[in-house]
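Report on one structure; see the data block that follows.
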Amino acid sequence: MSSITLQNLTKRFGATVAVNDLSLHIDDREFVVVVGPTGAGKTTTLRCVAGLEKPDDGMVLFDGQDVRSVSPAERDVAFVFQNYALYPRKTAFENIAFPLQARNLSAAEIKAEVERTARMLRIHHLLDRRPAQLSGGEQQRVALGRAMVRRPRAFLMDEPLTNLDFQLRAQMRSELKRIQRELDNTFFYVTNDQVEALSMGDRIAVLNAGTLHQVGTPQEIYEHPADLFVAAFIGSIRMNFLRCAFIADTGALVSADGGWSLPAPPRLREGAQKSKDPGQLILGVRPEDVLLSTEAGNGALEGQVYVAEPLGNHNVYNVRIGPALVRVKTPATFMLDAEARVSVQFNMARAHLFDSATEQALT
Amino acid sequence: MNVQNRQTRSLLGRILFWIATALILVFFLFPIYWILITAFKDRPDITQLPPRFVPWVDFQPTTFNFHEILIEMEVSQFGTATEQSPFLGQLFNSVIISGTATVVAVILGTLAAYAFSRFRIKGEGDLLFFILSTRMLPPVVTVIPLFLMFTELGMRNTFHGITLLYITMGLPFVVWMMKGFFDEVPHEFEEAAMIDGYSRLEAIWRIVIPEVIPPMLATAVFVLITAWNEFVFVQLLNPLGYTTVTPFLYAVVGYGRTEWGRVAATTVVFVSPIVIFTFLVRKYLLRGVTFGAVRR
Ligand SMILES: Nc1ncnc2c1ncn2[C@@H]1O[C@H](COP(=O)(O)OP(=O)(O)OP(=O)(O)O)[C@@H](O)[C@H]1O
Ligand SMILES: [Mg+2]
């Protein structure tokens with residue numbers, strides 16, 4: 001039960017900068033999720049915290065204490081590895097008991113602790129199996145058990161749910177949240193799945209190519225992405241990005257190809273004026289903030305359905321507006337044929353503006 | 001195709017398989033059988049033509065040859081003078097020299113291989129190549145320099161001299177083999193143990209080594225066989241002390257006429273420990289050789 005602070009953490013592998021000047025504070029008992037695509041440096045960051053990797057620059061602090069000279073064993077954190085790293089020759093019981101054996105507990109105490117943990121994870125019937133005799137989901141629970149059996153100062157988890165199938169993953173997401181509440185401990189959790197990040201994190205840190213892009217609550221990250229990368233990465237259907245220019249005289253946003261012109265509400269107008277080059281902007285609209293209609297509406301753009309994807313509980317349409325393609329999320333009951341002519345309306349109150357040179361959000 | 005047809009075909013396949021296996025076995029094992037029965041033959045039986053192959057039918061087995069090499073042997077052609085055989089002493093030397101060399105080479109080589117596998121080492125490729133390069137010269141080429149070195153250092157006819165030499169010969173093999181095997185073991189295994197509260201050495205000993213025991217035993221067998229079979233260096237460097245069995249085998253061939261019975265008996269005793277050891281670890285050997293193929 002500690003806070004963890006990363007101060008200007010940098011780690012290089014030859015010419016690759018795996019982690020670049022990363023600063024992040026995790027409060028005691030907070031659940032922070034670092035999310036980023038593959039190769040972002042998530043594993044490397046966790047390994048630096050655990051003491052498995054020596055940072056080239058910057059430092060890691062536990063409760064404000066520099067842990068540079070503290071060995072992994074003495075850091076007293078628990079680590080769930082991306083590939084679980086269960087000891088293949090040991091049974092599930094022996095795997096979970098292994099951290100306790102390092103701590104001079106009696107056999108009876110160890111047995112009691114292992115069984116308590118196994119019950120919590122609902123794996124007590126699997127304890128005498130070896131990892132090879134367990135399914136992926138069961139292995140994952142044993143790996144969690146090995147981490148949870150002691151009371152470490154923090155849990156470091158490296159994509160523990162990535163190898164599970166979709167349904168199990170959804171189930172384990174809520175399990176893990178329950179476990180975190182039960183254990184009441186600090187969780188530093190890493191994933192490449194933005195759904196996991198949004199649903200589990202007290203706060204989310206978005207990482208790409210070793211660089212931290214934004215830290216905030218799930219809502220902040222979703223509603224106010226700090227830059228193009230975060231806007232594109234977070235959200236189950238990718239945000240639409242439309243190149244446009246702001247015309248100060250008319251207060252309108254005009255698409256780069258001249259196909260449309262929309263009046264900008266005051267929030268976007270202010271944002272556009274912050275840019276050094278208001279002629280080169282990017283309008284960001286989430287697919288759920290686009291409204292389709294079969295009747296021509298006031299101020300609506302004209303479009304034509306290009307591809308329709310019925311997804312069960314909702315539909316996604318790719319709609320062509322001039323040369324641009326816009327993704328639109330609609331309720332499942334809203335049915336359109338391919339090639340259908342539609343009118344398209346952006347919910348400008350929820351739209352975002354980005355500077356195309358700096359890629360930073362302007363709104 | 002009906003079921004019965006398929007069954008007949010697979011029966012035929014099995015018969016052919018067993019015939020082929022039997023033929024191959026006879027081809028490889030017959031010379032060994034011949035040596036084995038020769039070791040139990042009297043001098044006259046050995047030189048009989050055509051040779052006699054069935055004990056108790058063709059010839060009467062005798063332990064005479066073993067008595068000769070193990071206890072005392074005739075030195076004159078007329079069976080009048082005998083002298084004590086040095087064989088047992090040399091066999092003992094073989095056991096402790098090859099044994100020590102194997103154990104030390106495997107331990108040191110395994111530690112080095114672990115470091116090469118896990119840590120970023122400056123000039124790793126060059127170092128590994130250098131280690132391998134010590135095995136690139138034919139050993140005979142190094143005989144003279146080694147002889148001079150050993151003379152200068154007073155290491156001829158000593159236990160530590162020849163053992164060090166065998167360790168040196170075994171090490172590159174162990175380092176290269178074991179590095180490959182360690183590379184197969186995910187580094188997260190010992191990292192998990194280190195996070196669980198163990199030092200790196202404890203983690204290696206309790207988690208990593210158990211993973212590589214089969215290939216380690218396979219490697220040890222190869223090192224042991226190399227040391228056990230080595231002849232040129234021990235003949236040259238240790239003629240007067242700590243001589244192993246191989247020079248005895250050479251000497252027992254005799255001058256003038258070859259004592260086939262002694263040669264055969266010596267060969268049988270010489271080969272037995274290796275065969276027994278290999279037999280004992282055979283299930284690890286197979287797994288060791290196929291290590292990369294069966295994991296993951
Ligand atoms: N031991 C290493 N040697 C060299 N390069 C490495 C090493 N470990 C990581 N890297 C590089 O550092 C970068 C970050 O790697 P890292 O494993 O931290 O990414 P990640 O975010 O965990 O990705 P993933 O989601 O695929 O697990 C990558 O470009 C990777 O190739
Ligand atoms: Mg990773």
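For the structure tokens, the naming scheme is as follows: chains receive sequential letters (A, B, ...) according to their order of presentation, residues are indexed from 1 within each chain, and ligands are indexed from 1 in presentation order.
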Which protein, DNA or RNA residues have an atom within 9 Å of ligand 2, counting only C-alpha atoms and all ligand atoms, as a ChimeraX atom specification? /A:38-44,46,81-82,158-159,190-192
For the residues in that selection, give me N, CA, C and O atoms as an mmCIF file, in the first residue's frame.
data_model
loop_
_atom_site.group_PDB
_atom_site.id
_atom_site.type_symbol
_atom_site.label_atom_id
_atom_site.label_comp_id
_atom_site.auth_asym_id
_atom_site.auth_seq_id
_atom_site.Cartn_x
_atom_site.Cartn_y
_atom_site.Cartn_z
ATOM 1 N N THR A 38 0.840 -1.430 -29.138
ATOM 2 C CA THR A 38 2.001 -2.284 -28.965
ATOM 3 C C THR A 38 3.289 -1.513 -29.226
ATOM 4 O O THR A 38 3.331 -0.651 -30.098
ATOM 5 N N GLY A 39 4.288 -1.765 -28.396
ATOM 6 C CA GLY A 39 5.570 -1.067 -28.515
ATOM 7 C C GLY A 39 5.584 0.302 -27.865
ATOM 8 O O GLY A 39 6.551 1.048 -27.992
ATOM 9 N N ALA A 40 4.526 0.650 -27.134
ATOM 10 C CA ALA A 40 4.440 1.984 -26.531
ATOM 11 C C ALA A 40 5.421 2.160 -25.380
ATOM 12 O O ALA A 40 5.742 3.286 -24.997
ATOM 13 N N GLY A 41 5.880 1.054 -24.799
ATOM 14 C CA GLY A 41 6.776 1.142 -23.654
ATOM 15 C C GLY A 41 6.089 0.813 -22.351
ATOM 16 O O GLY A 41 6.610 1.093 -21.268
ATOM 17 N N LYS A 42 4.919 0.192 -22.421
ATOM 18 C CA LYS A 42 4.157 -0.124 -21.213
ATOM 19 C C LYS A 42 4.892 -1.134 -20.349
ATOM 20 O O LYS A 42 5.096 -0.920 -19.148
ATOM 21 N N THR A 43 5.300 -2.247 -20.965
ATOM 22 C CA THR A 43 6.010 -3.277 -20.208
ATOM 23 C C THR A 43 7.296 -2.716 -19.620
ATOM 24 O O THR A 43 7.620 -2.956 -18.454
ATOM 25 N N THR A 44 8.024 -1.953 -20.427
ATOM 26 C CA THR A 44 9.286 -1.389 -19.953
ATOM 27 C C THR A 44 9.049 -0.502 -18.732
ATOM 28 O O THR A 44 9.824 -0.542 -17.771
ATOM 29 N N LEU A 46 6.619 -0.706 -16.485
ATOM 30 C CA LEU A 46 6.340 -1.561 -15.329
ATOM 31 C C LEU A 46 7.610 -2.228 -14.820
ATOM 32 O O LEU A 46 7.832 -2.347 -13.617
ATOM 33 N N PHE A 81 2.756 -11.023 -15.042
ATOM 34 C CA PHE A 81 3.422 -10.846 -16.329
ATOM 35 C C PHE A 81 2.455 -11.034 -17.489
ATOM 36 O O PHE A 81 1.456 -11.747 -17.381
ATOM 37 N N GLN A 82 2.825 -10.402 -18.603
ATOM 38 C CA GLN A 82 2.028 -10.494 -19.817
ATOM 39 C C GLN A 82 1.819 -11.958 -20.221
ATOM 40 O O GLN A 82 0.750 -12.330 -20.668
ATOM 41 N N ASP A 158 0.650 -6.526 -16.137
ATOM 42 C CA ASP A 158 0.984 -6.291 -17.534
ATOM 43 C C ASP A 158 0.014 -7.046 -18.435
ATOM 44 O O ASP A 158 0.157 -8.244 -18.640
ATOM 45 N N GLU A 159 -0.954 -6.353 -18.952
ATOM 46 C CA GLU A 159 -1.953 -6.926 -19.870
ATOM 47 C C GLU A 159 -2.432 -8.297 -19.416
ATOM 48 O O GLU A 159 -2.395 -9.257 -20.177
ATOM 49 N N VAL A 190 -1.532 -2.181 -16.902
ATOM 50 C CA VAL A 190 -1.136 -1.828 -18.252
ATOM 51 C C VAL A 190 -1.968 -2.612 -19.247
ATOM 52 O O VAL A 190 -2.239 -3.791 -19.036
ATOM 53 N N THR A 191 -2.427 -1.957 -20.299
ATOM 54 C CA THR A 191 -3.212 -2.673 -21.306
ATOM 55 C C THR A 191 -3.128 -1.960 -22.654
ATOM 56 O O THR A 191 -2.753 -0.794 -22.727
ATOM 57 N N ASN A 192 -3.449 -2.701 -23.720
ATOM 58 C CA ASN A 192 -3.545 -2.034 -25.025
ATOM 59 C C ASN A 192 -5.010 -1.876 -25.419
ATOM 60 O O ASN A 192 -5.323 -1.437 -26.515
#
Restrict the distance test to only C-alpha atoms, flag each residue of chain B within 12 Å of chain A, and return the flagged residues as a VMD selection string. chain B and resid 118 to 120 185 to 200 202 to 203 206 to 213 295 to 296
I need the residues from that last selection saved to file as an mmCIF file, in the first residue's frame (with C-alpha atoms), if you can.
data_model
loop_
_atom_site.group_PDB
_atom_site.id
_atom_site.type_symbol
_atom_site.label_atom_id
_atom_site.label_comp_id
_atom_site.auth_asym_id
_atom_site.auth_seq_id
_atom_site.Cartn_x
_atom_site.Cartn_y
_atom_site.Cartn_z
ATOM 1 C CA ARG B 118 20.475 -13.004 -19.840
ATOM 2 C CA PHE B 119 22.710 -9.978 -19.557
ATOM 3 C CA ARG B 120 23.695 -7.388 -22.116
ATOM 4 C CA VAL B 185 13.576 -20.451 -21.008
ATOM 5 C CA PRO B 186 11.580 -17.202 -20.740
ATOM 6 C CA HIS B 187 13.459 -14.708 -18.580
ATOM 7 C CA GLU B 188 10.171 -13.889 -16.859
ATOM 8 C CA PHE B 189 10.488 -17.172 -14.932
ATOM 9 C CA GLU B 190 13.366 -16.037 -12.766
ATOM 10 C CA GLU B 191 12.120 -12.451 -12.767
ATOM 11 C CA ALA B 192 8.852 -13.651 -11.271
ATOM 12 C CA ALA B 193 10.850 -15.470 -8.598
ATOM 13 C CA MET B 194 12.950 -12.384 -7.929
ATOM 14 C CA ILE B 195 9.824 -10.288 -7.457
ATOM 15 C CA ASP B 196 8.404 -13.037 -5.248
ATOM 16 C CA GLY B 197 11.257 -12.411 -2.811
ATOM 17 C CA TYR B 198 14.213 -14.478 -4.005
ATOM 18 C CA SER B 199 17.716 -13.397 -4.982
ATOM 19 C CA ARG B 200 18.813 -13.986 -8.557
ATOM 20 C CA GLU B 202 18.072 -18.548 -5.668
ATOM 21 C CA ALA B 203 15.795 -17.889 -8.628
ATOM 22 C CA ARG B 206 15.044 -23.083 -7.914
ATOM 23 C CA ILE B 207 13.334 -22.112 -11.166
ATOM 24 C CA VAL B 208 15.694 -21.992 -14.143
ATOM 25 C CA ILE B 209 18.004 -24.940 -13.511
ATOM 26 C CA PRO B 210 15.140 -27.442 -13.118
ATOM 27 C CA GLU B 211 13.991 -26.334 -16.580
ATOM 28 C CA VAL B 212 17.349 -27.118 -18.180
ATOM 29 C CA ILE B 213 18.299 -30.301 -16.305
ATOM 30 C CA ARG B 295 8.757 -26.815 -25.565
ATOM 31 C CA ARG B 296 6.118 -24.114 -26.070
#
From region 55-260 of chain B, collect each residue whose DSSP state is alpha helix (DSSP H) and return the set as a ChimeraX atom specification. /B:64-70,87-118,124-133,143-152,159-184,188-195,200-203,209-229,232-237,245-252,260
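You will find CA of Asp56 (chain A) at 7.7 Å from CA of Leu9 (chain A).
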Have a look at B:Gly109, B:Pro50, B:Gly261, B:Pro273 and name the one nearest to Leu171 (chain B); count only C-alpha atoms. B:Gly109
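Between CA of Gln48 (chain B) and CA of Trp260 (chain B) the separation is 12.3 Å.
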Find the spatial neighbours of His125 (chain A), counting only C-alpha atoms, within a cut-off of 12 Å - ignore same-chain residues fewer than 2 positions away - and output them as a PyMOL selection string. chain A and resi 92-93+115+118-119+121-123+127-129+134+138+142
Nearest candidate to Ala170 (chain A) (options A:Ser23, A:Pro287, A:Val316, A:Val195; using only C-alpha atoms): A:Val195
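Remark: for ligand 1, the closest of the candidate residues A:Thr117, A:Thr211, A:Thr91, A:Asn104 is A:Thr211 (distances computed over only C-alpha atoms and all ligand atoms).
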Close residues, Ile237 (chain A) itself excluded, 12 Å, only C-alpha atoms, min 5 positions apart in chain, as a compact mmCIF listing (two decimals) with all heavy atoms, in the first residue's frame:
# COMPACT_ATOMS: atom_id res chain seq x y z
N GLN A 194 -8.44 -0.08 -24.94
CA GLN A 194 -8.97 1.14 -24.35
C GLN A 194 -10.28 0.89 -23.60
O GLN A 194 -10.63 1.64 -22.70
CB GLN A 194 -9.14 2.21 -25.43
CG GLN A 194 -9.81 1.77 -26.70
CD GLN A 194 -11.30 1.95 -26.63
OE1 GLN A 194 -11.77 2.87 -25.98
NE2 GLN A 194 -12.05 1.09 -27.30
N VAL A 195 -10.99 -0.20 -23.94
CA VAL A 195 -12.21 -0.51 -23.19
C VAL A 195 -11.85 -0.85 -21.75
O VAL A 195 -12.47 -0.38 -20.80
CB VAL A 195 -12.96 -1.71 -23.83
CG1 VAL A 195 -14.20 -2.04 -23.02
CG2 VAL A 195 -13.32 -1.38 -25.27
N ALA A 231 -7.28 11.12 -29.12
CA ALA A 231 -8.61 11.15 -29.71
C ALA A 231 -8.83 9.93 -30.58
O ALA A 231 -9.90 9.32 -30.57
CB ALA A 231 -8.79 12.42 -30.52
N ALA A 232 -7.80 9.54 -31.33
CA ALA A 232 -7.94 8.41 -32.24
C ALA A 232 -7.90 7.08 -31.49
O ALA A 232 -8.58 6.13 -31.86
CB ALA A 232 -6.83 8.46 -33.30
N VAL A 285 -14.99 14.44 -34.77
CA VAL A 285 -16.36 14.14 -34.37
C VAL A 285 -16.48 12.64 -34.12
O VAL A 285 -16.11 11.84 -34.98
CB VAL A 285 -17.38 14.54 -35.47
CG1 VAL A 285 -18.80 14.39 -34.94
CG2 VAL A 285 -17.12 15.95 -35.95
N ARG A 286 -16.94 12.26 -32.93
CA ARG A 286 -17.09 10.84 -32.65
C ARG A 286 -18.27 10.29 -33.44
O ARG A 286 -19.27 11.01 -33.65
CB ARG A 286 -17.32 10.61 -31.15
CG ARG A 286 -16.10 10.93 -30.32
CD ARG A 286 -16.05 10.10 -29.06
NE ARG A 286 -14.93 10.51 -28.23
CZ ARG A 286 -13.71 9.96 -28.31
NH1 ARG A 286 -13.48 9.01 -29.19
NH2 ARG A 286 -12.74 10.39 -27.54
N PRO A 287 -18.20 9.02 -33.83
CA PRO A 287 -19.27 8.41 -34.65
C PRO A 287 -20.64 8.51 -33.99
O PRO A 287 -21.64 8.58 -34.69
CB PRO A 287 -18.82 6.95 -34.77
CG PRO A 287 -17.35 7.00 -34.61
CD PRO A 287 -17.07 8.11 -33.64
N GLU A 288 -20.67 8.53 -32.64
CA GLU A 288 -21.98 8.62 -32.00
C GLU A 288 -22.49 10.06 -31.97
O GLU A 288 -23.63 10.30 -31.59
CB GLU A 288 -21.95 8.02 -30.59
CG GLU A 288 -20.99 8.70 -29.63
CD GLU A 288 -19.64 7.99 -29.57
OE1 GLU A 288 -19.20 7.48 -30.63
OE2 GLU A 288 -19.04 7.96 -28.49
N ASP A 289 -21.65 11.01 -32.36
CA ASP A 289 -22.07 12.41 -32.39
C ASP A 289 -22.45 12.85 -33.80
O ASP A 289 -22.50 14.04 -34.11
CB ASP A 289 -20.96 13.32 -31.84
CG ASP A 289 -20.70 13.05 -30.38
OD1 ASP A 289 -21.65 12.65 -29.68
OD2 ASP A 289 -19.54 13.21 -29.94
N GLU A 309 -22.42 -1.67 -41.62
CA GLU A 309 -21.97 -2.78 -40.76
C GLU A 309 -22.98 -2.96 -39.65
O GLU A 309 -22.93 -2.24 -38.65
CB GLU A 309 -20.64 -2.43 -40.10
CG GLU A 309 -19.39 -2.76 -40.88
CD GLU A 309 -18.18 -2.40 -40.04
OE1 GLU A 309 -17.73 -3.27 -39.28
OE2 GLU A 309 -17.72 -1.26 -40.12
N LEU A 311 -24.01 -4.44 -36.30
CA LEU A 311 -23.20 -5.06 -35.26
C LEU A 311 -24.06 -5.57 -34.11
O LEU A 311 -23.59 -5.71 -32.99
CB LEU A 311 -22.17 -4.07 -34.73
CG LEU A 311 -21.08 -3.68 -35.74
CD1 LEU A 311 -20.23 -2.57 -35.19
CD2 LEU A 311 -20.23 -4.88 -36.12
N HIS A 314 -25.84 -2.21 -32.27
CA HIS A 314 -25.82 -0.93 -32.98
C HIS A 314 -25.32 -1.15 -34.40
O HIS A 314 -24.83 -2.24 -34.72
CB HIS A 314 -24.95 0.10 -32.24
CG HIS A 314 -23.51 -0.28 -32.17
ND1 HIS A 314 -22.98 -0.96 -31.10
CD2 HIS A 314 -22.49 -0.08 -33.03
CE1 HIS A 314 -21.69 -1.16 -31.30
NE2 HIS A 314 -21.36 -0.64 -32.46
N ASN A 315 -25.46 -0.14 -35.23
CA ASN A 315 -24.95 -0.23 -36.61
C ASN A 315 -23.87 0.81 -36.81
O ASN A 315 -23.87 1.86 -36.17
CB ASN A 315 -26.07 0.05 -37.62
CG ASN A 315 -27.16 -1.01 -37.54
OD1 ASN A 315 -26.91 -2.13 -37.10
ND2 ASN A 315 -28.36 -0.62 -37.96
N VAL A 316 -22.94 0.51 -37.69
CA VAL A 316 -21.96 1.50 -38.08
C VAL A 316 -22.07 1.70 -39.59
O VAL A 316 -22.05 0.73 -40.36
CB VAL A 316 -20.53 1.07 -37.71
CG1 VAL A 316 -19.51 2.05 -38.25
CG2 VAL A 316 -20.39 0.94 -36.20
N TYR A 317 -22.23 2.94 -39.98
CA TYR A 317 -22.28 3.26 -41.41
C TYR A 317 -21.07 4.09 -41.80
O TYR A 317 -20.66 4.98 -41.05
CB TYR A 317 -23.56 4.05 -41.73
CG TYR A 317 -24.81 3.23 -41.58
CD1 TYR A 317 -25.60 3.35 -40.45
CD2 TYR A 317 -25.19 2.34 -42.58
CE1 TYR A 317 -26.74 2.59 -40.30
CE2 TYR A 317 -26.35 1.57 -42.44
CZ TYR A 317 -27.11 1.70 -41.30
OH TYR A 317 -28.23 0.94 -41.15
N ASN A 318 -20.50 3.75 -42.94
CA ASN A 318 -19.50 4.63 -43.53
C ASN A 318 -20.21 5.46 -44.58
O ASN A 318 -20.75 4.93 -45.54
CB ASN A 318 -18.38 3.82 -44.19
CG ASN A 318 -17.40 3.31 -43.16
OD1 ASN A 318 -16.68 4.08 -42.54
ND2 ASN A 318 -17.42 2.01 -42.94
N VAL A 326 -17.10 9.27 -43.49
CA VAL A 326 -17.38 9.53 -42.08
C VAL A 326 -18.05 8.30 -41.48
O VAL A 326 -18.97 7.74 -42.06
CB VAL A 326 -18.31 10.76 -41.96
CG1 VAL A 326 -18.78 10.93 -40.52
CG2 VAL A 326 -17.60 12.01 -42.44
N ARG A 327 -17.51 7.87 -40.31
CA ARG A 327 -18.12 6.74 -39.60
C ARG A 327 -19.24 7.25 -38.72
O ARG A 327 -19.07 8.25 -38.01
CB ARG A 327 -17.08 6.03 -38.74
CG ARG A 327 -16.11 5.16 -39.53
CD ARG A 327 -15.00 4.66 -38.65
NE ARG A 327 -14.17 5.77 -38.18
CZ ARG A 327 -13.19 6.30 -38.87
NH1 ARG A 327 -12.88 5.83 -40.07
NH2 ARG A 327 -12.49 7.32 -38.40
N VAL A 328 -20.37 6.56 -38.75
CA VAL A 328 -21.52 6.98 -37.98
C VAL A 328 -22.05 5.79 -37.20
O VAL A 328 -22.19 4.70 -37.74
CB VAL A 328 -22.64 7.51 -38.90
CG1 VAL A 328 -23.78 8.07 -38.07
CG2 VAL A 328 -22.10 8.54 -39.87
N LYS A 329 -22.31 6.03 -35.91
CA LYS A 329 -22.89 4.96 -35.10
C LYS A 329 -24.37 5.26 -34.92
O LYS A 329 -24.74 6.37 -34.55
CB LYS A 329 -22.18 4.92 -33.75
CG LYS A 329 -22.65 3.79 -32.85
CD LYS A 329 -21.88 3.81 -31.54
CE LYS A 329 -22.51 2.85 -30.56
NZ LYS A 329 -21.88 2.95 -29.24
N THR A 330 -25.21 4.29 -35.21
CA THR A 330 -26.65 4.49 -35.07
C THR A 330 -27.24 3.34 -34.25
O THR A 330 -26.61 2.30 -34.11
CB THR A 330 -27.35 4.48 -36.45
OG1 THR A 330 -27.34 3.14 -36.94
CG2 THR A 330 -26.67 5.41 -37.44
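The space between CA of Pro278 (chain A) and CA of Phe246 (chain A) spans 5.4 Å.
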Might you pull out every residue within 8 Å of Met200 (chain A), with only C-alpha atoms counted and same-chain residues fewer than 2 positions away left off, and present them as a ChimeraX atom specification? /A:31,33,173-174,177,196-198,202
Suppose we keep all heavy atoms; can you now write the selection as a PDB file, in the first residue's frame?
ATOM      1  N   PHE A  31      -6.244   3.064  -8.705  1.00  0.00           N
ATOM      2  CA  PHE A  31      -6.171   2.125  -9.833  1.00  0.00           C
ATOM      3  C   PHE A  31      -5.847   2.947 -11.074  1.00  0.00           C
ATOM      4  O   PHE A  31      -6.714   3.624 -11.619  1.00  0.00           O
ATOM      5  CB  PHE A  31      -7.513   1.402 -10.005  1.00  0.00           C
ATOM      6  CG  PHE A  31      -7.449   0.153 -10.831  1.00  0.00           C
ATOM      7  CD1 PHE A  31      -7.958  -1.045 -10.346  1.00  0.00           C
ATOM      8  CD2 PHE A  31      -6.882   0.155 -12.100  1.00  0.00           C
ATOM      9  CE1 PHE A  31      -7.908  -2.206 -11.107  1.00  0.00           C
ATOM     10  CE2 PHE A  31      -6.824  -0.995 -12.864  1.00  0.00           C
ATOM     11  CZ  PHE A  31      -7.347  -2.178 -12.356  1.00  0.00           C
ATOM     12  N   VAL A  33      -4.492   3.009 -14.965  1.00  0.00           N
ATOM     13  CA  VAL A  33      -4.294   2.175 -16.138  1.00  0.00           C
ATOM     14  C   VAL A  33      -3.443   2.930 -17.144  1.00  0.00           C
ATOM     15  O   VAL A  33      -3.762   4.061 -17.511  1.00  0.00           O
ATOM     16  CB  VAL A  33      -5.640   1.799 -16.782  1.00  0.00           C
ATOM     17  CG1 VAL A  33      -5.409   0.972 -18.036  1.00  0.00           C
ATOM     18  CG2 VAL A  33      -6.506   1.052 -15.801  1.00  0.00           C
ATOM     19  N   ARG A 173     -12.797  -8.329 -16.132  1.00  0.00           N
ATOM     20  CA  ARG A 173     -12.694  -6.893 -15.874  1.00  0.00           C
ATOM     21  C   ARG A 173     -13.421  -6.540 -14.586  1.00  0.00           C
ATOM     22  O   ARG A 173     -12.866  -5.871 -13.711  1.00  0.00           O
ATOM     23  CB  ARG A 173     -13.314  -6.101 -17.032  1.00  0.00           C
ATOM     24  CG  ARG A 173     -12.398  -5.867 -18.191  1.00  0.00           C
ATOM     25  CD  ARG A 173     -12.811  -4.630 -18.973  1.00  0.00           C
ATOM     26  NE  ARG A 173     -14.140  -4.730 -19.570  1.00  0.00           N
ATOM     27  CZ  ARG A 173     -14.372  -5.215 -20.788  1.00  0.00           C
ATOM     28  NH1 ARG A 173     -13.365  -5.614 -21.535  1.00  0.00           N
ATOM     29  NH2 ARG A 173     -15.580  -5.272 -21.263  1.00  0.00           N
ATOM     30  N   SER A 174     -14.656  -7.035 -14.464  1.00  0.00           N
ATOM     31  CA  SER A 174     -15.396  -6.669 -13.254  1.00  0.00           C
ATOM     32  C   SER A 174     -14.860  -7.421 -12.033  1.00  0.00           C
ATOM     33  O   SER A 174     -14.824  -6.887 -10.937  1.00  0.00           O
ATOM     34  CB  SER A 174     -16.896  -6.910 -13.438  1.00  0.00           C
ATOM     35  OG  SER A 174     -17.118  -8.096 -14.144  1.00  0.00           O
ATOM     36  N   LYS A 177     -11.941  -5.499 -10.706  1.00  0.00           N
ATOM     37  CA  LYS A 177     -12.363  -4.301  -9.971  1.00  0.00           C
ATOM     38  C   LYS A 177     -12.821  -4.688  -8.564  1.00  0.00           C
ATOM     39  O   LYS A 177     -12.468  -4.048  -7.575  1.00  0.00           O
ATOM     40  CB  LYS A 177     -13.516  -3.605 -10.713  1.00  0.00           C
ATOM     41  CG  LYS A 177     -13.091  -2.624 -11.767  1.00  0.00           C
ATOM     42  CD  LYS A 177     -12.111  -1.595 -11.253  1.00  0.00           C
ATOM     43  CE  LYS A 177     -12.767  -0.344 -10.692  1.00  0.00           C
ATOM     44  NZ  LYS A 177     -11.731   0.671 -10.350  1.00  0.00           N
ATOM     45  N   GLU A 196     -10.801  -1.691 -21.591  1.00  0.00           N
ATOM     46  CA  GLU A 196     -10.325  -2.022 -20.254  1.00  0.00           C
ATOM     47  C   GLU A 196      -9.956  -0.758 -19.490  1.00  0.00           C
ATOM     48  O   GLU A 196     -10.294  -0.587 -18.323  1.00  0.00           O
ATOM     49  CB  GLU A 196      -9.076  -2.908 -20.344  1.00  0.00           C
ATOM     50  CG  GLU A 196      -9.337  -4.368 -20.073  1.00  0.00           C
ATOM     51  CD  GLU A 196      -8.123  -5.211 -20.401  1.00  0.00           C
ATOM     52  OE1 GLU A 196      -7.041  -4.921 -19.858  1.00  0.00           O
ATOM     53  OE2 GLU A 196      -8.252  -6.138 -21.216  1.00  0.00           O
ATOM     54  N   ALA A 197      -9.234   0.122 -20.180  1.00  0.00           N
ATOM     55  CA  ALA A 197      -8.770   1.340 -19.522  1.00  0.00           C
ATOM     56  C   ALA A 197      -9.959   2.165 -19.039  1.00  0.00           C
ATOM     57  O   ALA A 197     -10.027   2.570 -17.877  1.00  0.00           O
ATOM     58  CB  ALA A 197      -7.901   2.152 -20.481  1.00  0.00           C
ATOM     59  N   LEU A 198     -10.925   2.369 -19.937  1.00  0.00           N
ATOM     60  CA  LEU A 198     -12.064   3.215 -19.580  1.00  0.00           C
ATOM     61  C   LEU A 198     -12.893   2.586 -18.470  1.00  0.00           C
ATOM     62  O   LEU A 198     -13.400   3.286 -17.593  1.00  0.00           O
ATOM     63  CB  LEU A 198     -12.948   3.457 -20.809  1.00  0.00           C
ATOM     64  CG  LEU A 198     -12.336   4.341 -21.895  1.00  0.00           C
ATOM     65  CD1 LEU A 198     -13.200   4.331 -23.148  1.00  0.00           C
ATOM     66  CD2 LEU A 198     -12.153   5.764 -21.392  1.00  0.00           C
ATOM     67  N   ASP A 202      -9.264   4.270 -12.266  1.00  0.00           N
ATOM     68  CA  ASP A 202      -9.633   5.517 -11.609  1.00  0.00           C
ATOM     69  C   ASP A 202      -9.106   6.657 -12.463  1.00  0.00           C
ATOM     70  O   ASP A 202      -9.770   7.656 -12.687  1.00  0.00           O
ATOM     71  CB  ASP A 202      -9.003   5.615 -10.214  1.00  0.00           C
ATOM     72  CG  ASP A 202      -9.558   4.566  -9.273  1.00  0.00           C
ATOM     73  OD1 ASP A 202     -10.710   4.159  -9.468  1.00  0.00           O
ATOM     74  OD2 ASP A 202      -8.832   4.159  -8.350  1.00  0.00           O
TER      75      ASP A 202
END
